[in-house]
Each structure stands twice: as C-alpha cells, then as structure tokens.
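Worksheet: one structure, shown below.
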Amino acid sequence: MNFRMTITENLKTISSELPEHVTLVAVSKTKPIVDLMEAYNAGQRVFGENKIQEMVDKHEQMPKDIEWHMIGHVQRNKVKYMADFVHLIHGVDSLKLLTEINKQAQKHKRIINCLLQIKIAKEDSKFGMSPDDALALVKSEDYLNLNNVCITGVMGMATFTDDMTQIEYEFNTLKSTYDQLQTISNERTNWQTISMGMSGDYKLAIDCGSTMVRVGSSIFGSRNYSN
C-alpha cells in the first residue's frame, strides 16, 4: 500500500477517535518532508522526532507554526541545537539533563517545557527514572534553582509485547505516578500532560488517562530504517 496517498485519510480517522483533551503527536522520524507536509496540509501541527539533528533539519525547512516535540533519548551535548525552537522535550530522565536544558534555554531567554520519562517497561533497553527518583527530583532545591525549565508532566513507554494486560498495568503505573507528582506544586511545575500510547496501544492509553499520544506508523506507514 502507498501510504503517501493516505496520510490525510489516516490523520482524519485517528483524530476523529481522540477525545478533545488528547493531543496527537505525529511521529515523523525517518519520514521525508513531503510526507510531513501532507500531514501539515491536513491540519497537523504537532510533530515528534527522536533524533535532534533530523528535527533541526526539518524545522529549518518547514512552516514555523509547527510544535516540535523531542520524543527520543536526549544526549546532553546536543541540547544546544534545538534549544531555540523545541516546544516540548519528552525524554527527560535526570537532573543533569534538566540542568543542561536550563543552561541552553537561558541563552535563548526561553523556558523549555519538559516531561519526566518514567521507566514503566520491564525491558532494560527502555530509559527512564523510577517514580521515587522523579518525586525526589521535583522536590529538590537543585531543580527549584533552574529558572528556564518547567516540568509539565510525564512520559512512558510500555513493554513491546502483545500482552495488553501487562501494557495496561504499565500505563496505570504511569498514571498513578503522575497523580503523585501532581501533588507537588511549585513555580517550576505546570502539571497537564501524560504522554503515553503509540500506534498499537493509544486507545488503551487514553482509557488509562493519557492526554498525549505519539502515533507514527498508523499515520505515515511503516518506517524505513536503512538510511
């Protein structure tokens, strides 16, 4: 099937299934500009990339009313390349990374919104903090001294499995972590986002409390990783 012909249709179908309070992040990693522009012309304005350089390149070539979300693992030495435009960084998993984001945001006189990535999957390959570490970070004086970042929620990636019971358990773990964190209110937090759910499980994620889903292949078709 030529998905390039159906990106608009796929977006329309998925968008019609989402409640009003759920944001759709179109995961456009490895996809060419022509595909992203079809989604853009269909009304999509929120795009997610997992490599900073690819996001920078696309940002330079595409309309400036797009919200770019960094959804992949972030290397501290590359934060500077996206600090002037990134809308939301999903994968924040340490105070060191937050400190670097703050430093680079300060240079551009911006406050960058971030999500704490919580490790909910059993797989060792998945990044993320424990719920206890996330609570400790948000309460810490070191974090409160960072004036150019704001934690607006949490992100999690479920185990890659067909066992929907396990995935539901992991989503519920993320939701309960969010509920705990939400009780901590200070000038560096603005709780509003639970980023969980991808092409294969976003409906379940929404049932479990997701307010932001990251959907790629169901919009753009399967990816080509040969590049």
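Residue names in the structure tokens use chain letters A, B, ... in the order shown, residue numbers from 1 in each chain, and ligand numbers from 1 in the order shown.
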Dump as CSV the rows for residues of stretch 94-184 of chain A within 12 Å of stretch 52-73 of chain A: closest atom pair and distance in Å with one decimal, only C-alpha atoms counted, ordered by chain and rising residue number.
```
residue,atom,partner,partner_atom,distance
A:Ser94,CA,A:His73,CA,11.3
A:Leu97,CA,A:His73,CA,10.6
A:Ile112,CA,A:His69,CA,11.0
A:Asn113,CA,A:His69,CA,10.0
A:Cys114,CA,A:Met70,CA,9.5
A:Leu115,CA,A:Ile71,CA,9.6
A:Leu116,CA,A:Ile71,CA,11.2
A:Gln117,CA,A:His73,CA,9.5
A:Ser125,CA,A:His73,CA,11.2
A:Lys126,CA,A:His73,CA,9.5
A:Phe127,CA,A:His73,CA,7.5
A:Gly128,CA,A:His73,CA,9.4
A:Val154,CA,A:Ile71,CA,11.7
A:Met155,CA,A:Ile71,CA,9.0
A:Gly156,CA,A:Ile71,CA,10.3
A:Met157,CA,A:Ile71,CA,10.6
```
Go ahead and write the selection's residues with N, CA and C atoms as a tab-separated table (two decimals), in the first residue's frame.
```
chain	number	residue	atom	x	y	z
A	94	SER	N	16.93	12.75	34.00
A	94	SER	CA	17.92	13.03	35.04
A	94	SER	C	17.99	14.53	35.32
A	97	LEU	N	20.45	16.25	32.87
A	97	LEU	CA	19.88	16.64	31.59
A	97	LEU	C	19.04	17.91	31.75
A	112	ILE	N	11.85	26.16	28.62
A	112	ILE	CA	11.53	24.96	27.84
A	112	ILE	C	10.72	23.98	28.69
A	113	ASN	N	9.59	23.57	28.17
A	113	ASN	CA	8.75	22.60	28.86
A	113	ASN	C	9.30	21.19	28.67
A	114	CYS	N	9.24	20.41	29.74
A	114	CYS	CA	9.82	19.05	29.75
A	114	CYS	C	8.87	18.07	30.42
A	115	LEU	N	8.96	16.82	29.98
A	115	LEU	CA	8.27	15.72	30.65
A	115	LEU	C	9.31	14.81	31.28
A	116	LEU	N	9.02	14.32	32.47
A	116	LEU	CA	9.90	13.34	33.10
A	116	LEU	C	9.59	11.96	32.53
A	117	GLN	N	10.59	11.31	31.99
A	117	GLN	CA	10.39	9.96	31.46
A	117	GLN	C	10.49	8.96	32.61
A	125	SER	N	16.21	-2.03	27.88
A	125	SER	CA	16.58	-1.07	26.84
A	125	SER	C	15.82	0.25	26.96
A	126	LYS	N	14.76	0.26	27.74
A	126	LYS	CA	13.97	1.47	27.90
A	126	LYS	C	14.62	2.38	28.95
A	127	PHE	N	14.67	3.68	28.63
A	127	PHE	CA	15.20	4.66	29.57
A	127	PHE	C	14.11	5.12	30.53
A	128	GLY	N	14.52	5.85	31.56
A	128	GLY	CA	13.53	6.45	32.45
A	128	GLY	C	13.93	6.42	33.91
A	154	VAL	N	4.55	13.80	32.52
A	154	VAL	CA	5.36	12.59	32.47
A	154	VAL	C	5.19	11.90	31.12
A	155	MET	N	6.18	11.08	30.79
A	155	MET	CA	6.13	10.25	29.58
A	155	MET	C	6.56	8.84	29.95
A	156	GLY	N	5.98	7.87	29.27
A	156	GLY	CA	6.40	6.49	29.49
A	156	GLY	C	6.21	5.65	28.25
A	157	MET	N	7.06	4.63	28.14
A	157	MET	CA	6.96	3.68	27.03
A	157	MET	C	6.70	2.29	27.59
```
Exercise. Could you pull out the strand (DSSP E) residues of stretch 6-176 of chain A from DSSP and send them as JSON, numbers by chain?
Worked result: {"A": [23, 24, 25, 26, 27, 46, 47, 48, 49, 67, 68, 69, 70, 88, 89, 90, 91, 92, 112, 113, 114, 115, 116, 117, 149, 150, 151, 152, 153, 154, 155]}
Problem set entry | Residue neighbourhood A:Gln182, 10 Å, only C-alpha atoms, exclusion window fewer than 2 positions, as a PyMOL selection string | chain A and resi 135+152-153+176-180+184-185+189-192
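With only C-alpha atoms as the atoms that count, the residue of A:Asp201, A:Asp84, A:Asp35, A:Glu100 with the shortest distance to A:Arg214 is A:Asp201.
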Problem set entry | Contacts of A:Gly43 at 12 Å (only C-alpha atoms; same-chain gap of 2+ positions) as a VMD selection string | chain A and resid 7 to 9 11 to 12 15 24 26 36 to 41 45 to 47 65 to 66
Keeping N, CA and C atoms, export the residues of the selection given above as an mmCIF file, in the first residue's frame.
```cif
data_model
loop_
_atom_site.group_PDB
_atom_site.id
_atom_site.type_symbol
_atom_site.label_atom_id
_atom_site.label_comp_id
_atom_site.auth_asym_id
_atom_site.auth_seq_id
_atom_site.Cartn_x
_atom_site.Cartn_y
_atom_site.Cartn_z
ATOM 1 N N ILE A 7 -2.063 9.512 3.971
ATOM 2 C CA ILE A 7 -1.692 10.198 5.211
ATOM 3 C C ILE A 7 -2.833 11.085 5.695
ATOM 4 N N THR A 8 -3.424 11.844 4.781
ATOM 5 C CA THR A 8 -4.537 12.733 5.135
ATOM 6 C C THR A 8 -5.699 11.936 5.702
ATOM 7 N N GLU A 9 -6.013 10.850 5.043
ATOM 8 C CA GLU A 9 -7.125 9.994 5.485
ATOM 9 C C GLU A 9 -6.819 9.362 6.846
ATOM 10 N N LEU A 11 -4.852 10.493 9.177
ATOM 11 C CA LEU A 11 -4.935 11.545 10.200
ATOM 12 C C LEU A 11 -6.383 11.844 10.571
ATOM 13 N N LYS A 12 -7.212 11.927 9.558
ATOM 14 C CA LYS A 12 -8.631 12.245 9.795
ATOM 15 C C LYS A 12 -9.282 11.152 10.648
ATOM 16 N N SER A 15 -7.727 11.287 14.310
ATOM 17 C CA SER A 15 -8.175 12.493 15.003
ATOM 18 C C SER A 15 -9.630 12.376 15.441
ATOM 19 N N LEU A 24 -2.507 14.858 19.706
ATOM 20 C CA LEU A 24 -1.889 13.886 18.817
ATOM 21 C C LEU A 24 -0.528 14.403 18.361
ATOM 22 N N ALA A 26 2.290 13.591 15.855
ATOM 23 C CA ALA A 26 2.585 12.790 14.664
ATOM 24 C C ALA A 26 4.073 12.471 14.653
ATOM 25 N N LEU A 36 5.559 14.840 5.710
ATOM 26 C CA LEU A 36 5.214 15.750 6.800
ATOM 27 C C LEU A 36 4.332 16.882 6.293
ATOM 28 N N MET A 37 4.644 17.385 5.099
ATOM 29 C CA MET A 37 3.849 18.486 4.542
ATOM 30 C C MET A 37 2.437 18.034 4.186
ATOM 31 N N GLU A 38 2.271 16.770 3.808
ATOM 32 C CA GLU A 38 0.906 16.286 3.580
ATOM 33 C C GLU A 38 0.123 16.305 4.892
ATOM 34 N N ALA A 39 0.780 15.857 5.971
ATOM 35 C CA ALA A 39 0.129 15.901 7.287
ATOM 36 C C ALA A 39 -0.147 17.347 7.709
ATOM 37 N N TYR A 40 0.823 18.218 7.465
ATOM 38 C CA TYR A 40 0.662 19.647 7.797
ATOM 39 C C TYR A 40 -0.525 20.239 7.049
ATOM 40 N N ASN A 41 -0.597 19.948 5.760
ATOM 41 C CA ASN A 41 -1.682 20.494 4.946
ATOM 42 C C ASN A 41 -3.040 19.912 5.327
ATOM 43 N N ARG A 45 -0.248 19.968 13.360
ATOM 44 C CA ARG A 45 0.743 20.982 13.724
ATOM 45 C C ARG A 45 1.743 20.499 14.776
ATOM 46 N N VAL A 46 1.556 19.306 15.309
ATOM 47 C CA VAL A 46 2.451 18.789 16.343
ATOM 48 C C VAL A 46 3.182 17.565 15.793
ATOM 49 N N PHE A 47 4.512 17.665 15.712
ATOM 50 C CA PHE A 47 5.321 16.581 15.152
ATOM 51 C C PHE A 47 6.382 16.152 16.163
ATOM 52 N N ASP A 65 4.931 27.529 12.313
ATOM 53 C CA ASP A 65 3.865 27.391 13.320
ATOM 54 C C ASP A 65 3.755 25.949 13.826
ATOM 55 N N ILE A 66 4.744 25.123 13.483
ATOM 56 C CA ILE A 66 4.756 23.733 13.956
ATOM 57 C C ILE A 66 5.323 23.659 15.372
#
```
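Closest to A:Ile111 among A:Arg188, A:Lys203, A:Lys51, A:Lys78 is A:Arg188, based on only C-alpha atoms.
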For this session: Write out as a PyMOL selection string each polymer residue whose atoms come within 12 Å of A:Ala121, counting only C-alpha atoms; drop sequence neighbours fewer than 6 positions from it.
Result: chain A and resi 127-130+155-161+166-174+196
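Of the residues listed (A:Asn147, A:Thr23, A:Asn10, A:Gln44), A:Thr23 shows the shortest atom-to-atom separation from A:Ile194; distances use only C-alpha atoms.
Atom pair atom CA of A:Ile219 / atom CA of A:Leu88 has a distance of 20.7 Å (rounded to one decimal).
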For this session: Identify, with DSSP run on backbone atoms, the residues in stretch 86-155 of chain A assigned to helix (DSSP H, G or I), and express the list as an NGL selection string.
Result: :A and (95-107 or 131-139 or 141-144)
Expected file: the selected residues, N, CA, C and O atoms, as a short mmCIF file (atom, residue, chain, number, x, y, z; two decimals), in the first residue's frame:
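Contents of selection_34.cif, as written:
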```
data_model
loop_
_atom_site.label_atom_id
_atom_site.label_comp_id
_atom_site.auth_asym_id
_atom_site.auth_seq_id
_atom_site.Cartn_x
_atom_site.Cartn_y
_atom_site.Cartn_z
N LEU A 95 18.47 14.86 36.51
CA LEU A 95 18.69 16.26 36.86
C LEU A 95 19.80 16.85 35.99
O LEU A 95 19.75 18.03 35.60
N LYS A 96 20.81 16.04 35.65
CA LYS A 96 21.90 16.53 34.79
C LYS A 96 21.38 17.01 33.45
O LYS A 96 21.80 18.06 32.94
N LEU A 97 20.45 16.25 32.87
CA LEU A 97 19.88 16.64 31.59
C LEU A 97 19.04 17.91 31.75
O LEU A 97 19.14 18.83 30.93
N LEU A 98 18.25 17.98 32.78
CA LEU A 98 17.45 19.19 33.03
C LEU A 98 18.33 20.41 33.19
O LEU A 98 18.01 21.50 32.70
N THR A 99 19.45 20.23 33.88
CA THR A 99 20.39 21.34 34.10
C THR A 99 20.96 21.84 32.78
O THR A 99 21.08 23.06 32.57
N GLU A 100 21.27 20.93 31.87
CA GLU A 100 21.78 21.33 30.56
C GLU A 100 20.70 22.02 29.73
O GLU A 100 20.97 23.02 29.04
N ILE A 101 19.48 21.48 29.78
CA ILE A 101 18.37 22.11 29.06
C ILE A 101 18.16 23.54 29.58
O ILE A 101 17.98 24.49 28.82
N ASN A 102 18.22 23.69 30.89
CA ASN A 102 18.08 25.01 31.51
C ASN A 102 19.16 25.98 31.02
O ASN A 102 18.89 27.13 30.66
N LYS A 103 20.39 25.48 30.99
CA LYS A 103 21.53 26.30 30.54
C LYS A 103 21.34 26.80 29.11
O LYS A 103 21.55 27.98 28.80
N GLN A 104 20.92 25.89 28.23
CA GLN A 104 20.74 26.27 26.83
C GLN A 104 19.51 27.14 26.62
O GLN A 104 19.51 28.05 25.78
N ALA A 105 18.44 26.88 27.39
CA ALA A 105 17.23 27.71 27.30
C ALA A 105 17.53 29.15 27.73
O ALA A 105 17.02 30.11 27.14
N GLN A 106 18.36 29.28 28.74
CA GLN A 106 18.74 30.59 29.26
C GLN A 106 19.41 31.45 28.17
O GLN A 106 19.15 32.65 28.06
N LYS A 107 20.22 30.81 27.35
CA LYS A 107 20.92 31.52 26.27
C LYS A 107 19.93 32.13 25.27
O LYS A 107 20.22 33.13 24.61
N PRO A 131 9.66 6.13 39.80
CA PRO A 131 8.73 7.11 40.38
C PRO A 131 9.32 7.82 41.60
O PRO A 131 9.14 9.03 41.75
N ASP A 132 10.04 7.10 42.44
CA ASP A 132 10.64 7.71 43.63
C ASP A 132 11.69 8.75 43.26
O ASP A 132 11.76 9.83 43.87
N ASP A 133 12.50 8.45 42.24
CA ASP A 133 13.51 9.41 41.80
C ASP A 133 12.85 10.66 41.21
O ASP A 133 13.35 11.78 41.38
N ALA A 134 11.76 10.47 40.50
CA ALA A 134 11.05 11.62 39.92
C ALA A 134 10.49 12.52 41.01
O ALA A 134 10.59 13.75 40.94
N LEU A 135 9.92 11.90 42.04
CA LEU A 135 9.39 12.68 43.16
C LEU A 135 10.50 13.46 43.85
O LEU A 135 10.35 14.65 44.17
N ALA A 136 11.62 12.81 44.06
CA ALA A 136 12.76 13.46 44.72
C ALA A 136 13.28 14.62 43.88
O ALA A 136 13.62 15.68 44.42
N LEU A 137 13.34 14.43 42.58
CA LEU A 137 13.84 15.49 41.69
C LEU A 137 12.96 16.74 41.78
O LEU A 137 13.46 17.87 41.93
N VAL A 138 11.65 16.55 41.66
CA VAL A 138 10.73 17.69 41.65
C VAL A 138 10.76 18.46 42.97
O VAL A 138 10.55 19.67 42.99
N LYS A 139 11.06 17.76 44.05
CA LYS A 139 11.13 18.41 45.37
C LYS A 139 12.48 19.05 45.65
O LYS A 139 12.62 19.82 46.60
N GLU A 141 16.00 21.12 45.82
CA GLU A 141 16.39 22.52 45.72
C GLU A 141 17.15 22.77 44.41
O GLU A 141 17.03 23.84 43.79
N ASP A 142 17.93 21.77 43.98
CA ASP A 142 18.67 21.91 42.72
C ASP A 142 17.73 22.18 41.56
O ASP A 142 18.00 23.01 40.69
N TYR A 143 16.60 21.48 41.54
CA TYR A 143 15.63 21.69 40.48
C TYR A 143 14.96 23.06 40.60
O TYR A 143 14.79 23.78 39.61
N LEU A 144 14.61 23.44 41.80
CA LEU A 144 13.94 24.72 42.01
C LEU A 144 14.81 25.91 41.61
O LEU A 144 14.30 26.99 41.34
#
```
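Going from atom CA of A:Gly48 to atom CA of A:Lys29 covers 7.2 Å.
Of the listed residues (A:Ser140, A:Ser28, A:Ser195, A:Asn145), A:Ser28 comes nearest to A:Gly216; the distances count only C-alpha atoms.
Note that the spacing between atom CA of A:Gly209 and atom CA of A:Lys175 amounts to 6.4 Å.
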Problem set entry | Spatial neighbours of A:Gly200, max dist 10 Å, only C-alpha atoms, sep filter under 4 positions, as a PyMOL selection string | chain A and resi 160+162+204-205+215-218
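Between A:Ile118 and the residues A:Asp93, A:Glu49, A:Glu17, A:Asp207, the shortest atom-to-atom distance, using only C-alpha atoms, involves A:Asp93.
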